[in-house]
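Participant: The structure file coords35.cif (mmCIF, C-alpha atoms (C1' of nucleotides)) is provided below.
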data_target
loop_
_atom_site.label_atom_id
_atom_site.label_comp_id
_atom_site.auth_asym_id
_atom_site.auth_seq_id
_atom_site.Cartn_x
_atom_site.Cartn_y
_atom_site.Cartn_z
CA MET S 1 -9.67 -12.27 -33.32
CA ALA S 2 -12.33 -13.82 -31.11
CA ARG S 3 -13.79 -11.21 -28.82
CA ALA S 4 -13.14 -11.75 -25.18
CA GLY S 5 -16.20 -9.97 -23.88
CA LEU S 6 -14.37 -7.65 -21.55
CA SER S 7 -16.15 -5.06 -19.46
CA PRO S 8 -15.14 -2.81 -16.61
CA GLU S 9 -17.09 -5.05 -14.20
CA LEU S 10 -15.33 -8.20 -15.38
CA LEU S 11 -11.94 -6.57 -15.08
CA VAL S 12 -12.67 -5.14 -11.66
CA ARG S 13 -13.79 -8.52 -10.46
CA ALA S 14 -10.63 -10.11 -11.83
CA GLY S 15 -8.59 -7.40 -10.15
CA ALA S 16 -10.36 -7.91 -6.85
CA ASP S 17 -9.75 -11.64 -6.96
CA LEU S 18 -6.14 -11.00 -7.79
CA ALA S 19 -5.92 -8.64 -4.82
CA ASP S 20 -7.26 -11.32 -2.51
CA GLU S 21 -4.79 -13.87 -3.81
CA ALA S 22 -1.65 -11.80 -4.21
CA GLY S 23 -2.27 -8.66 -2.17
CA PHE S 24 -3.72 -5.37 -3.29
CA GLU S 25 -0.24 -3.93 -3.84
CA HIS S 26 0.39 -6.54 -6.53
CA VAL S 27 -2.68 -5.67 -8.56
CA THR S 28 -1.40 -4.82 -11.97
CA LEU S 29 -2.99 -4.26 -15.35
CA SER S 30 -0.57 -6.74 -16.84
CA GLU S 31 -1.64 -9.47 -14.49
CA VAL S 32 -5.32 -8.73 -14.93
CA ALA S 33 -4.88 -8.88 -18.70
CA ARG S 34 -3.03 -12.16 -18.40
CA ARG S 35 -5.83 -13.63 -16.31
CA CYS S 36 -8.41 -12.52 -18.82
CA GLY S 37 -6.42 -13.96 -21.74
CA VAL S 38 -6.05 -10.60 -23.34
CA LYS S 39 -3.29 -8.11 -24.17
CA VAL S 40 -2.69 -5.23 -21.79
CA ALA S 41 -3.50 -2.48 -24.25
CA SER S 42 -7.00 -3.89 -24.59
CA LEU S 43 -7.82 -2.93 -21.04
CA TYR S 44 -7.55 0.73 -21.87
CA SER S 45 -10.85 0.61 -23.73
CA HIS S 46 -12.57 -0.26 -20.47
CA LEU S 47 -10.48 1.46 -17.80
CA LYS S 48 -8.81 4.83 -17.77
CA ASN S 49 -5.61 3.50 -16.26
CA SER S 50 -4.15 1.54 -13.41
CA HIS S 51 -5.35 4.00 -10.80
CA ASP S 52 -8.86 3.74 -12.20
CA LEU S 53 -8.79 -0.02 -11.75
CA LYS S 54 -7.68 0.32 -8.13
CA THR S 55 -10.34 2.92 -7.45
CA ARG S 56 -13.02 0.63 -8.86
CA ILE S 57 -11.79 -2.28 -6.79
CA ALA S 58 -12.01 -0.04 -3.73
CA LEU S 59 -15.57 0.94 -4.63
CA LEU S 60 -16.53 -2.70 -5.13
CA ALA S 61 -15.07 -3.65 -1.76
CA LEU S 62 -16.80 -0.80 0.05
CA GLU S 63 -20.08 -1.80 -1.54
CA GLU S 64 -19.77 -5.50 -0.76
CA LEU S 65 -18.78 -4.73 2.79
CA ALA S 66 -21.66 -2.32 3.27
CA ASP S 67 -24.13 -4.85 1.89
CA ARG S 68 -22.94 -7.51 4.27
CA ALA S 69 -22.95 -5.14 7.19
CA ALA S 70 -26.49 -4.07 6.39
CA ASP S 71 -27.62 -7.70 6.31
CA ALA S 72 -25.86 -8.43 9.57
CA LEU S 73 -27.33 -5.42 11.33
CA ALA S 74 -30.91 -6.01 10.28
CA GLY S 75 -33.07 -6.41 13.33
CA ARG S 76 -30.28 -6.12 15.86
CA SER S 77 -29.34 -3.47 18.36
CA GLY S 78 -27.06 -2.91 21.29
CA LYS S 79 -24.23 -5.35 21.75
CA GLU S 80 -25.72 -7.72 19.19
CA ALA S 81 -25.51 -5.01 16.58
CA LEU S 82 -22.00 -4.06 17.64
CA THR S 83 -20.86 -7.65 17.35
CA ALA S 84 -22.60 -8.15 14.04
CA LEU S 85 -20.96 -5.09 12.51
CA ALA S 86 -17.55 -5.91 13.92
CA ASP S 87 -17.66 -9.54 12.85
CA THR S 88 -18.72 -8.52 9.39
CA TYR S 89 -15.63 -6.38 8.98
CA ARG S 90 -13.31 -8.94 10.46
CA ASP S 91 -14.71 -11.85 8.48
CA TYR S 92 -14.57 -9.89 5.28
CA ALA S 93 -10.96 -8.95 5.93
CA ARG S 94 -10.09 -12.58 6.52
CA VAL S 95 -11.87 -13.97 3.48
CA HIS S 96 -11.00 -11.04 1.22
CA PRO S 97 -7.79 -9.48 2.49
CA GLY S 98 -7.01 -7.77 -0.78
CA ARG S 99 -10.48 -6.30 -1.09
CA TYR S 100 -10.33 -5.16 2.52
CA THR S 101 -7.06 -3.36 1.85
CA ALA S 102 -8.59 -1.89 -1.27
CA ALA S 103 -11.44 -0.49 0.79
CA ARG S 104 -8.82 1.73 2.45
CA PHE S 105 -7.49 3.00 -0.87
CA ARG S 106 -7.55 6.75 -0.75
CA LEU S 107 -10.34 8.10 -2.94
CA ASP S 108 -10.67 11.65 -4.10
CA PRO S 109 -13.41 13.52 -2.25
CA ALA S 110 -16.02 13.39 -5.00
CA THR S 111 -15.57 9.66 -5.53
CA ALA S 112 -15.59 9.04 -1.80
CA ALA S 113 -18.83 10.95 -1.42
CA ASP S 114 -20.46 8.76 -4.08
CA SER S 115 -19.09 5.54 -2.65
CA ALA S 116 -20.55 3.27 -0.02
CA GLY S 117 -18.35 5.07 2.52
CA PRO S 118 -21.19 7.20 3.83
CA ARG S 119 -23.33 4.07 4.24
CA HIS S 120 -20.66 2.69 6.54
CA ALA S 121 -20.68 5.86 8.59
CA ARG S 122 -24.47 5.71 8.86
CA MET S 123 -24.37 2.10 9.98
CA THR S 124 -21.84 2.86 12.66
CA ARG S 125 -24.05 5.67 13.89
CA ALA S 126 -27.00 3.32 13.83
CA VAL S 127 -25.15 0.92 16.10
CA LEU S 128 -24.43 3.75 18.50
CA ARG S 129 -28.08 4.65 18.64
CA GLY S 130 -28.51 1.50 20.71
CA TYR S 131 -26.41 3.09 23.43
CA ASP S 132 -27.40 6.41 24.81
CA LEU S 133 -24.39 8.54 24.45
CA PRO S 134 -24.35 12.06 25.84
CA GLU S 135 -25.29 14.84 23.44
CA GLY S 136 -22.45 15.77 21.11
CA GLU S 137 -20.38 12.69 21.79
CA GLU S 138 -21.47 10.67 18.81
CA THR S 139 -18.74 11.70 16.44
CA ALA S 140 -16.06 10.91 18.97
CA ALA S 141 -17.66 7.52 19.55
CA VAL S 142 -17.99 6.84 15.81
CA ARG S 143 -14.33 7.57 15.37
CA LEU S 144 -13.20 5.53 18.32
CA LEU S 145 -15.31 2.61 17.28
CA GLY S 146 -14.18 2.83 13.66
CA ALA S 147 -10.58 3.18 14.75
CA ALA S 148 -10.70 0.26 17.14
CA LEU S 149 -12.36 -2.09 14.66
CA HIS S 150 -10.26 -1.08 11.69
CA GLY S 151 -7.14 -1.06 13.84
CA TYR S 152 -7.76 -4.52 15.21
CA VAL S 153 -8.62 -6.01 11.85
CA SER S 154 -5.70 -4.44 10.08
CA LEU S 155 -3.15 -5.26 12.75
CA GLU S 156 -4.41 -8.83 12.77
CA ALA S 157 -4.27 -9.04 8.99
CA GLY S 158 -0.82 -7.47 8.96
CA GLY S 159 0.49 -10.13 11.26
CA GLY S 160 0.90 -7.73 14.16
CA PHE S 161 -0.52 -10.27 16.57
CA ASP S 162 1.25 -13.30 15.21
CA HIS S 163 3.99 -13.39 17.78
CA SER S 164 2.18 -12.83 20.99
CA ALA S 165 0.44 -15.51 22.92
CA PRO S 166 -3.34 -15.84 23.13
CA ASP S 167 -5.33 -16.67 20.08
CA THR S 168 -6.88 -13.68 18.44
CA GLN S 169 -10.44 -14.98 18.64
CA ALA S 170 -10.39 -14.71 22.42
CA THR S 171 -8.94 -11.21 22.47
CA TRP S 172 -11.35 -10.16 19.74
CA GLU S 173 -14.28 -11.18 21.91
CA ARG S 174 -12.78 -9.36 24.87
CA THR S 175 -12.28 -6.32 22.66
CA LEU S 176 -15.95 -6.31 21.75
CA ASP S 177 -16.93 -6.77 25.40
CA ALA S 178 -14.74 -3.83 26.27
CA LEU S 179 -16.12 -1.60 23.53
CA ASP S 180 -19.66 -2.51 24.52
CA SER S 181 -18.90 -1.67 28.11
CA LEU S 182 -17.26 1.58 27.11
CA LEU S 183 -20.27 2.64 25.07
CA ARG S 184 -22.62 1.80 27.91
CA ASN S 185 -20.50 3.85 30.31
CA TRP S 186 -19.24 6.64 28.14
CA PRO S 187 -17.27 9.03 30.33
CA ALA S 188 -18.13 12.66 30.74
CA PRO S 189 -15.49 15.00 29.31
CA ASP S 190 -12.52 15.12 31.61
CA HIS S 191 -11.82 18.64 32.81
CA THR S 192 -8.73 18.03 34.91
CA MET K 1 34.47 9.78 -10.88
CA ALA K 2 34.17 11.63 -7.60
CA ARG K 3 32.91 9.30 -4.91
CA ALA K 4 29.56 10.15 -3.50
CA GLY K 5 30.10 8.67 -0.05
CA LEU K 6 27.06 6.45 -0.08
CA SER K 7 26.20 4.17 2.79
CA PRO K 8 23.17 2.14 3.74
CA GLU K 9 22.36 4.70 6.47
CA LEU K 10 22.51 7.61 4.05
CA LEU K 11 20.31 5.83 1.55
CA VAL K 12 17.81 4.77 4.16
CA ARG K 13 17.58 8.31 5.43
CA ALA K 14 17.05 9.58 1.89
CA GLY K 15 14.40 6.94 1.37
CA ALA K 16 12.65 7.84 4.62
CA ASP K 17 12.60 11.51 3.69
CA LEU K 18 11.25 10.61 0.30
CA ALA K 19 8.54 8.53 1.96
CA ASP K 20 7.50 11.48 4.09
CA GLU K 21 7.34 13.76 1.08
CA ALA K 22 5.83 11.50 -1.55
CA GLY K 23 4.32 8.61 0.38
CA PHE K 24 5.90 5.29 1.26
CA GLU K 25 4.36 3.63 -1.79
CA HIS K 26 6.38 5.95 -4.02
CA VAL K 27 9.72 5.04 -2.50
CA THR K 28 11.80 3.79 -5.35
CA LEU K 29 15.47 3.00 -5.82
CA SER K 30 15.48 5.21 -8.90
CA GLU K 31 14.26 8.22 -6.99
CA VAL K 32 16.63 7.65 -4.09
CA ALA K 33 19.53 7.40 -6.53
CA ARG K 34 18.40 10.59 -8.23
CA ARG K 35 18.29 12.42 -4.91
CA CYS K 36 21.74 11.23 -4.02
CA GLY K 37 23.13 12.27 -7.41
CA VAL K 38 24.10 8.74 -8.30
CA LYS K 39 23.12 6.04 -10.78
CA VAL K 40 20.69 3.37 -9.70
CA ALA K 41 23.05 0.45 -10.09
CA SER K 42 25.35 2.01 -7.53
CA LEU K 43 22.82 1.44 -4.80
CA TYR K 44 23.20 -2.29 -5.13
CA SER K 45 26.58 -2.15 -3.41
CA HIS K 46 24.84 -0.89 -0.28
CA LEU K 47 21.40 -2.47 -0.39
CA LYS K 48 20.28 -5.91 -1.43
CA ASN K 49 17.31 -4.63 -3.41
CA SER K 50 14.23 -2.50 -3.25
CA HIS K 51 12.61 -4.65 -0.58
CA ASP K 52 15.72 -4.32 1.55
CA LEU K 53 15.49 -0.54 1.38
CA LYS K 54 11.86 -0.61 2.47
CA THR K 55 12.63 -2.98 5.29
CA ARG K 56 15.38 -0.71 6.54
CA ILE K 57 13.13 2.32 6.38
CA ALA K 58 10.60 0.39 8.44
CA LEU K 59 13.26 -0.48 11.00
CA LEU K 60 14.38 3.13 11.18
CA ALA K 61 10.83 4.33 11.73
CA LEU K 62 10.14 1.74 14.41
CA GLU K 63 13.32 2.75 16.18
CA GLU K 64 12.68 6.48 16.00
CA LEU K 65 9.14 5.99 17.19
CA ALA K 66 10.21 3.79 20.08
CA ASP K 67 12.85 6.31 21.14
CA ARG K 68 10.32 9.10 21.20
CA ALA K 69 7.79 7.01 23.03
CA ALA K 70 10.38 6.05 25.64
CA ASP K 71 11.24 9.71 26.20
CA ALA K 72 7.60 10.66 26.45
CA LEU K 73 6.78 7.89 28.90
CA ALA K 74 9.68 8.56 31.26
CA GLY K 75 8.36 9.38 34.70
CA ARG K 76 4.70 9.16 33.76
CA SER K 77 1.97 6.71 34.62
CA GLY K 78 -1.77 6.31 34.37
CA LYS K 79 -3.59 8.63 32.04
CA GLU K 80 -0.52 10.82 31.65
CA ALA K 81 1.40 7.88 30.30
CA LEU K 82 -1.46 6.85 28.05
CA THR K 83 -1.67 10.34 26.61
CA ALA K 84 2.07 10.62 26.20
CA LEU K 85 2.27 7.36 24.28
CA ALA K 86 -0.73 8.13 22.14
CA ASP K 87 0.39 11.65 21.31
CA THR K 88 3.81 10.38 20.40
CA TYR K 89 2.33 8.05 17.80
CA ARG K 90 -0.05 10.63 16.46
CA ASP K 91 2.51 13.41 16.26
CA TYR K 92 5.00 11.14 14.57
CA ALA K 93 2.43 10.10 12.02
CA ARG K 94 1.63 13.72 11.26
CA VAL K 95 5.20 14.90 10.95
CA HIS K 96 6.46 11.74 9.26
CA PRO K 97 3.57 10.14 7.43
CA GLY K 98 5.77 8.08 5.16
CA ARG K 99 7.86 6.79 8.02
CA TYR K 100 4.71 5.99 9.97
CA THR K 101 3.38 3.96 7.06
CA ALA K 102 6.76 2.28 6.76
CA ALA K 103 6.53 1.21 10.38
CA ARG K 104 3.59 -0.97 9.32
CA PHE K 105 5.56 -2.61 6.51
CA ARG K 106 5.33 -6.34 6.97
CA LEU K 107 8.63 -7.73 8.25
CA ASP K 108 9.62 -11.35 8.21
CA PRO K 109 9.48 -12.90 11.68
CA ALA K 110 13.23 -12.88 12.33
CA THR K 111 13.60 -9.24 11.33
CA ALA K 112 10.54 -8.28 13.32
CA ALA K 113 11.92 -9.97 16.40
CA ASP K 114 15.13 -7.96 16.12
CA SER K 115 13.34 -4.71 15.43
CA ALA K 116 12.08 -2.11 17.88
CA GLY K 117 8.66 -3.78 17.60
CA PRO K 118 9.03 -5.64 20.87
CA ARG K 119 10.00 -2.40 22.59
CA HIS K 120 6.70 -0.95 21.49
CA ALA K 121 4.85 -3.90 22.91
CA ARG K 122 6.73 -3.54 26.20
CA MET K 123 5.91 0.14 26.39
CA THR K 124 2.24 -0.49 25.82
CA ARG K 125 2.29 -3.06 28.60
CA ALA K 126 4.10 -0.57 30.81
CA VAL K 127 1.30 1.92 30.28
CA LEU K 128 -1.24 -0.71 31.25
CA ARG K 129 0.62 -1.39 34.47
CA GLY K 130 -0.70 1.95 35.64
CA TYR K 131 -4.20 0.50 35.54
CA ASP K 132 -4.98 -2.62 37.40
CA LEU K 133 -6.44 -4.92 34.90
CA PRO K 134 -7.81 -8.29 35.94
CA GLU K 135 -5.42 -11.19 35.69
CA GLY K 136 -5.08 -12.50 32.13
CA GLU K 137 -6.66 -9.49 30.49
CA GLU K 138 -3.47 -7.70 29.58
CA THR K 139 -3.05 -9.08 26.11
CA ALA K 140 -6.58 -8.19 25.19
CA ALA K 141 -6.03 -4.70 26.53
CA VAL K 142 -2.71 -4.34 24.70
CA ARG K 143 -4.40 -5.30 21.48
CA LEU K 144 -7.39 -3.06 21.97
CA LEU K 145 -5.19 -0.13 22.88
CA GLY K 146 -2.82 -0.74 19.99
CA ALA K 147 -5.72 -1.16 17.63
CA ALA K 148 -7.50 1.97 18.76
CA LEU K 149 -4.41 4.14 18.57
CA HIS K 150 -3.16 2.77 15.29
CA GLY K 151 -6.66 2.80 13.88
CA TYR K 152 -7.29 6.39 14.82
CA VAL K 153 -3.94 7.61 13.58
CA SER K 154 -4.14 5.74 10.32
CA LEU K 155 -7.74 6.69 9.57
CA GLU K 156 -6.89 10.29 10.30
CA ALA K 157 -3.80 10.13 8.11
CA GLY K 158 -5.75 8.41 5.36
CA GLY K 159 -8.26 11.21 5.27
CA GLY K 160 -11.00 9.07 6.74
CA PHE K 161 -12.12 11.89 9.01
CA ASP K 162 -11.82 14.70 6.50
CA HIS K 163 -15.46 14.88 5.62
CA SER K 164 -17.17 14.73 8.94
CA ALA K 165 -17.70 17.63 11.19
CA PRO K 166 -15.78 18.16 14.42
CA ASP K 167 -12.09 18.80 14.34
CA THR K 168 -10.03 15.75 15.02
CA GLN K 169 -8.16 17.23 17.97
CA ALA K 170 -11.34 17.31 20.01
CA THR K 171 -12.36 13.77 19.16
CA TRP K 172 -8.81 12.61 19.77
CA GLU K 173 -8.95 13.94 23.30
CA ARG K 174 -12.31 12.31 23.84
CA THR K 175 -10.91 9.08 22.49
CA LEU K 176 -8.13 9.17 25.05
CA ASP K 177 -10.59 10.01 27.81
CA ALA K 178 -12.66 7.06 26.73
CA LEU K 179 -9.74 4.66 26.59
CA ASP K 180 -8.57 5.83 30.00
CA SER K 181 -12.02 5.29 31.40
CA LEU K 182 -12.25 1.88 29.79
CA LEU K 183 -8.93 0.78 31.27
CA ARG K 184 -9.96 2.01 34.69
CA ASN K 185 -13.22 0.08 34.45
CA TRP K 186 -12.27 -2.96 32.47
CA PRO K 187 -15.29 -5.23 32.23
CA ALA K 188 -15.35 -8.76 33.50
CA PRO K 189 -15.75 -11.34 30.75
CA ASP K 190 -19.30 -11.39 29.53
CA HIS K 191 -20.88 -14.82 29.91
CA THR K 192 -24.29 -14.10 28.44
"C1'" DT T 1 -27.64 -10.28 -48.91
"C1'" DA T 2 -24.23 -6.69 -49.36
"C1'" DC T 3 -22.38 -2.51 -47.61
"C1'" DT T 4 -21.12 0.62 -44.07
"C1'" DT T 5 -19.87 1.71 -39.57
"C1'" DC T 6 -18.49 0.93 -35.10
"C1'" DT T 7 -16.43 -1.52 -31.56
"C1'" DC T 8 -13.11 -4.39 -29.70
"C1'" DC T 9 -8.86 -6.34 -29.37
"C1'" DC T 10 -4.30 -6.38 -31.49
"C1'" DT T 11 0.69 -4.89 -32.68
"C1'" DA T 12 4.17 -1.41 -32.02
"C1'" DA T 13 6.72 1.67 -29.43
"C1'" DA T 14 8.34 4.77 -25.80
"C1'" DG T 15 9.43 5.54 -21.07
"C1'" DG T 16 10.13 4.14 -16.13
"C1'" DC T 17 11.67 0.86 -12.41
"C1'" DT T 18 14.55 -3.32 -10.97
"C1'" DT T 19 18.27 -6.19 -11.16
"C1'" DT T 20 22.66 -8.35 -12.81
"C1'" DA T 21 27.25 -8.27 -15.19
"C1'" DG T 22 31.36 -6.31 -16.06
"C1'" DG T 23 34.72 -2.11 -16.22
"C1'" DC T 24 37.58 1.83 -14.63
"C1'" DA T 25 39.48 4.80 -11.43
"C1'" DA T 26 40.09 6.62 -6.70
"C1'" DA T 27 41.56 5.26 -1.87
"C1'" DG T 28 44.39 3.12 1.05
"C1'" DG T 29 47.81 -0.58 2.69
"C1'" DG T 30 52.46 -2.47 2.20
"C1'" DC M 1 55.30 3.79 -5.37
"C1'" DC M 2 52.58 -0.18 -6.53
"C1'" DC M 3 48.65 -2.81 -6.22
"C1'" DT M 4 44.55 -4.38 -4.22
"C1'" DT M 5 40.14 -3.09 -2.83
"C1'" DT M 6 36.16 -0.58 -3.17
"C1'" DG M 7 32.76 2.42 -5.18
"C1'" DC M 8 30.38 4.17 -8.85
"C1'" DC M 9 29.67 3.70 -13.79
"C1'" DT M 10 27.81 1.79 -18.46
"C1'" DA M 11 25.17 -1.80 -20.65
"C1'" DA M 12 21.51 -4.73 -21.02
"C1'" DA M 13 17.42 -7.57 -20.06
"C1'" DG M 14 12.87 -7.97 -18.10
"C1'" DC M 15 8.44 -6.30 -16.48
"C1'" DC M 16 4.86 -2.55 -16.07
"C1'" DT M 17 2.22 1.55 -17.96
"C1'" DT M 18 0.43 4.24 -21.46
"C1'" DT M 19 -0.52 5.99 -26.20
"C1'" DA M 20 -1.09 5.45 -31.32
"C1'" DG M 21 -2.83 3.24 -34.98
"C1'" DG M 22 -4.60 -1.09 -37.55
"C1'" DG M 23 -7.67 -5.13 -38.76
"C1'" DA M 24 -11.56 -7.96 -38.18
"C1'" DG M 25 -15.93 -9.22 -36.11
"C1'" DA M 26 -20.70 -7.39 -34.99
"C1'" DA M 27 -24.52 -4.61 -35.97
"C1'" DG M 28 -27.44 -1.55 -38.61
"C1'" DT M 29 -29.37 -0.32 -43.23
"C1'" DA M 30 -30.96 -0.88 -47.68
#
Can you turn what I pasted into structure tokens?

Facilitator:
Amino acid sequence: MARAGLSPELLVRAGADLADEAGFEHVTLSEVARRCGVKVASLYSHLKNSHDLKTRIALLALEELADRAADALAGRSGKEALTALADTYRDYARVHPGRYTAARFRLDPATAADSAGPRHARMTRAVLRGYDLPEGEETAAVRLLGAALHGYVSLEAGGGFDHSAPDTQATWERTLDALDSLLRNWPAPDHT
Amino acid sequence: MARAGLSPELLVRAGADLADEAGFEHVTLSEVARRCGVKVASLYSHLKNSHDLKTRIALLALEELADRAADALAGRSGKEALTALADTYRDYARVHPGRYTAARFRLDPATAADSAGPRHARMTRAVLRGYDLPEGEETAAVRLLGAALHGYVSLEAGGGFDHSAPDTQATWERTLDALDSLLRNWPAPDHT
DNA sequence: TACTTCTCCCTAAAGGCTTTAGGCAAAGGG
DNA sequence: CCCTTTGCCTAAAGCCTTTAGGGAGAAGTA
């Protein structure tokens, strides 16, 4: 039998491409094997199981996304940085919808800690450094910003905006304007 | 054979409960049949197929969520309304995580149009009526608000906030303060 | 070069989920 | 009371995952 030259990296890449084409939920060892011209059982020498494949695709996506975000952020601050980070996420989700979904795959704590996840958190905090938020408000702002960006991108990808009127590019720009404005005018805690 | 008294409603309810217990991605006709004390093939008299079951669970969740939101919004406006709507979503997602996930299940356009989805959109717009947004900015605000709320709730549910410091209740309240403030001070389009 | 060892991919098989086809018996109308 | 309808069943085929065990290249050693 001619050797196919499999490796975890090759399989993960094939799985990630499959995710982008067919959706992350359709990523299957069988299909990956088929695409690599190999029998399913052969994959088990390189991957623990199906969950392992999905985890590795998630790690790949987080890494790719963090690399792009880091490039986009270099040398920018304030609204420019906000826009750069946001556009990076949105563009990635559009070009690589399956990978983007994979990036949300739930990882166990140890794996998550070793992933590029923390890099993403640091980059978000770096963007916020361009705004001077009150002491102790950073975590709330990180979460709001993360939520708004992820929420927008995932609703858009999920077709949630398909049946309402204005094109999503316009409302995306307004969303970034609004977030920028919010960060520049972060409200004091409301004690009513 | 004693009749089990199946019906689409019964099966959908069983499926929704299963989703809440095991996660929407583990909802399976086999498991639903098992829980109803019935063989799998029997389900096909009541449901078209597995996708049909998931669709119906999604419709149920959207409906339940819209009913609760409508109750919570009754008689409120401004920040009270915003908080009521937001808390409804968050509480529902915490008590019924599988149903909440199901509510994001992608529906075909015709089904979506007939679902409670449009009610949700109308309620969000109703909340915004309590703020006077500039002409033509409503859709952007609807999307930002929907994105922020869904994003927060889904990141929280997905464990995205598990490994950072402050408790999520506090940052949730700050998030709502921030969104309220943003809606009260919606920025003019930025022509820089 | 010839032999050994290891690695890689294969076949085989068991178990789970989905879906369709066809049967039997309980419910319910005439 | 019969008979039609309906509801749940058995059977079977197809696809996916996972484990066990085998054969043939590739690589190291003499």

Participant: Residues within 8 Å of segment 12-19 of chain T, please, as a PyMOL selection string. Count only C-alpha atoms (C1' of nucleotides); anything in the same chain fewer than 4 positions from it doesn't count.

Facilitator: chain K and resi 28-30+49-50

Participant: Which residues are close to Met123 of chain K, i.e. within 9 Å by all atoms listed in the file, leaving aside same-chain residues fewer than 4 positions away? Reply as a ChimeraX atom specification.

Facilitator: /K:66,69-70,73,85,118-119,127-128

Participant: For this file, the PyMOL selection byres ((chain M) within 12 of (chain K)) selects which residues, as a PyMOL selection string?

Facilitator: chain M and resi 6-11

Participant: Which residues would end up in the selection if the PyMOL selection byres ((chain S) within 9 of (chain K)) were applied here, given that I need the answer as a PDB file with C-alpha atoms, keeping the file's coordinate frame?

Facilitator:
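Printed below is selection.pdb as written:
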ATOM      1  CA  ARG S 104      -8.820   1.730   2.450  1.00  0.00           C
ATOM      2  CA  PHE S 105      -7.490   3.000  -0.870  1.00  0.00           C
ATOM      3  CA  ARG S 106      -7.550   6.750  -0.750  1.00  0.00           C
ATOM      4  CA  PRO S 109     -13.410  13.520  -2.250  1.00  0.00           C
ATOM      5  CA  ALA S 113     -18.830  10.950  -1.420  1.00  0.00           C
ATOM      6  CA  GLU S 137     -20.380  12.690  21.790  1.00  0.00           C
ATOM      7  CA  THR S 139     -18.740  11.700  16.440  1.00  0.00           C
ATOM      8  CA  ALA S 140     -16.060  10.910  18.970  1.00  0.00           C
ATOM      9  CA  ALA S 141     -17.660   7.520  19.550  1.00  0.00           C
ATOM     10  CA  ARG S 143     -14.330   7.570  15.370  1.00  0.00           C
ATOM     11  CA  LEU S 144     -13.200   5.530  18.320  1.00  0.00           C
ATOM     12  CA  LEU S 145     -15.310   2.610  17.280  1.00  0.00           C
ATOM     13  CA  GLY S 146     -14.180   2.830  13.660  1.00  0.00           C
ATOM     14  CA  ALA S 147     -10.580   3.180  14.750  1.00  0.00           C
ATOM     15  CA  ALA S 148     -10.700   0.260  17.140  1.00  0.00           C
ATOM     16  CA  LEU S 149     -12.360  -2.090  14.660  1.00  0.00           C
ATOM     17  CA  HIS S 150     -10.260  -1.080  11.690  1.00  0.00           C
ATOM     18  CA  GLY S 151      -7.140  -1.060  13.840  1.00  0.00           C
ATOM     19  CA  TYR S 152      -7.760  -4.520  15.210  1.00  0.00           C
ATOM     20  CA  VAL S 153      -8.620  -6.010  11.850  1.00  0.00           C
ATOM     21  CA  SER S 154      -5.700  -4.440  10.080  1.00  0.00           C
ATOM     22  CA  LEU S 155      -3.150  -5.260  12.750  1.00  0.00           C
ATOM     23  CA  GLY S 158      -0.820  -7.470   8.960  1.00  0.00           C
ATOM     24  CA  GLY S 159       0.490 -10.130  11.260  1.00  0.00           C
ATOM     25  CA  GLY S 160       0.900  -7.730  14.160  1.00  0.00           C
ATOM     26  CA  PHE S 161      -0.520 -10.270  16.570  1.00  0.00           C
ATOM     27  CA  ASP S 162       1.250 -13.300  15.210  1.00  0.00           C
ATOM     28  CA  HIS S 163       3.990 -13.390  17.780  1.00  0.00           C
ATOM     29  CA  SER S 164       2.180 -12.830  20.990  1.00  0.00           C
ATOM     30  CA  ALA S 165       0.440 -15.510  22.920  1.00  0.00           C
ATOM     31  CA  PRO S 166      -3.340 -15.840  23.130  1.00  0.00           C
ATOM     32  CA  THR S 168      -6.880 -13.680  18.440  1.00  0.00           C
ATOM     33  CA  ALA S 170     -10.390 -14.710  22.420  1.00  0.00           C
ATOM     34  CA  THR S 171      -8.940 -11.210  22.470  1.00  0.00           C
ATOM     35  CA  TRP S 172     -11.350 -10.160  19.740  1.00  0.00           C
ATOM     36  CA  GLU S 173     -14.280 -11.180  21.910  1.00  0.00           C
ATOM     37  CA  ARG S 174     -12.780  -9.360  24.870  1.00  0.00           C
ATOM     38  CA  THR S 175     -12.280  -6.320  22.660  1.00  0.00           C
ATOM     39  CA  ASP S 177     -16.930  -6.770  25.400  1.00  0.00           C
ATOM     40  CA  ALA S 178     -14.740  -3.830  26.270  1.00  0.00           C
ATOM     41  CA  LEU S 179     -16.120  -1.600  23.530  1.00  0.00           C
ATOM     42  CA  SER S 181     -18.900  -1.670  28.110  1.00  0.00           C
ATOM     43  CA  LEU S 182     -17.260   1.580  27.110  1.00  0.00           C
ATOM     44  CA  LEU S 183     -20.270   2.640  25.070  1.00  0.00           C
ATOM     45  CA  ASN S 185     -20.500   3.850  30.310  1.00  0.00           C
ATOM     46  CA  TRP S 186     -19.240   6.640  28.140  1.00  0.00           C
ATOM     47  CA  PRO S 187     -17.270   9.030  30.330  1.00  0.00           C
ATOM     48  CA  ALA S 188     -18.130  12.660  30.740  1.00  0.00           C
ATOM     49  CA  PRO S 189     -15.490  15.000  29.310  1.00  0.00           C
ATOM     50  CA  ASP S 190     -12.520  15.120  31.610  1.00  0.00           C
TER      51      ASP S 190
END

Participant: For the file shown, report as a count of residues only the outcome of the PyMOL selection byres ((chain T) within 8 of (chain S)) at residue level.

Facilitator: 3
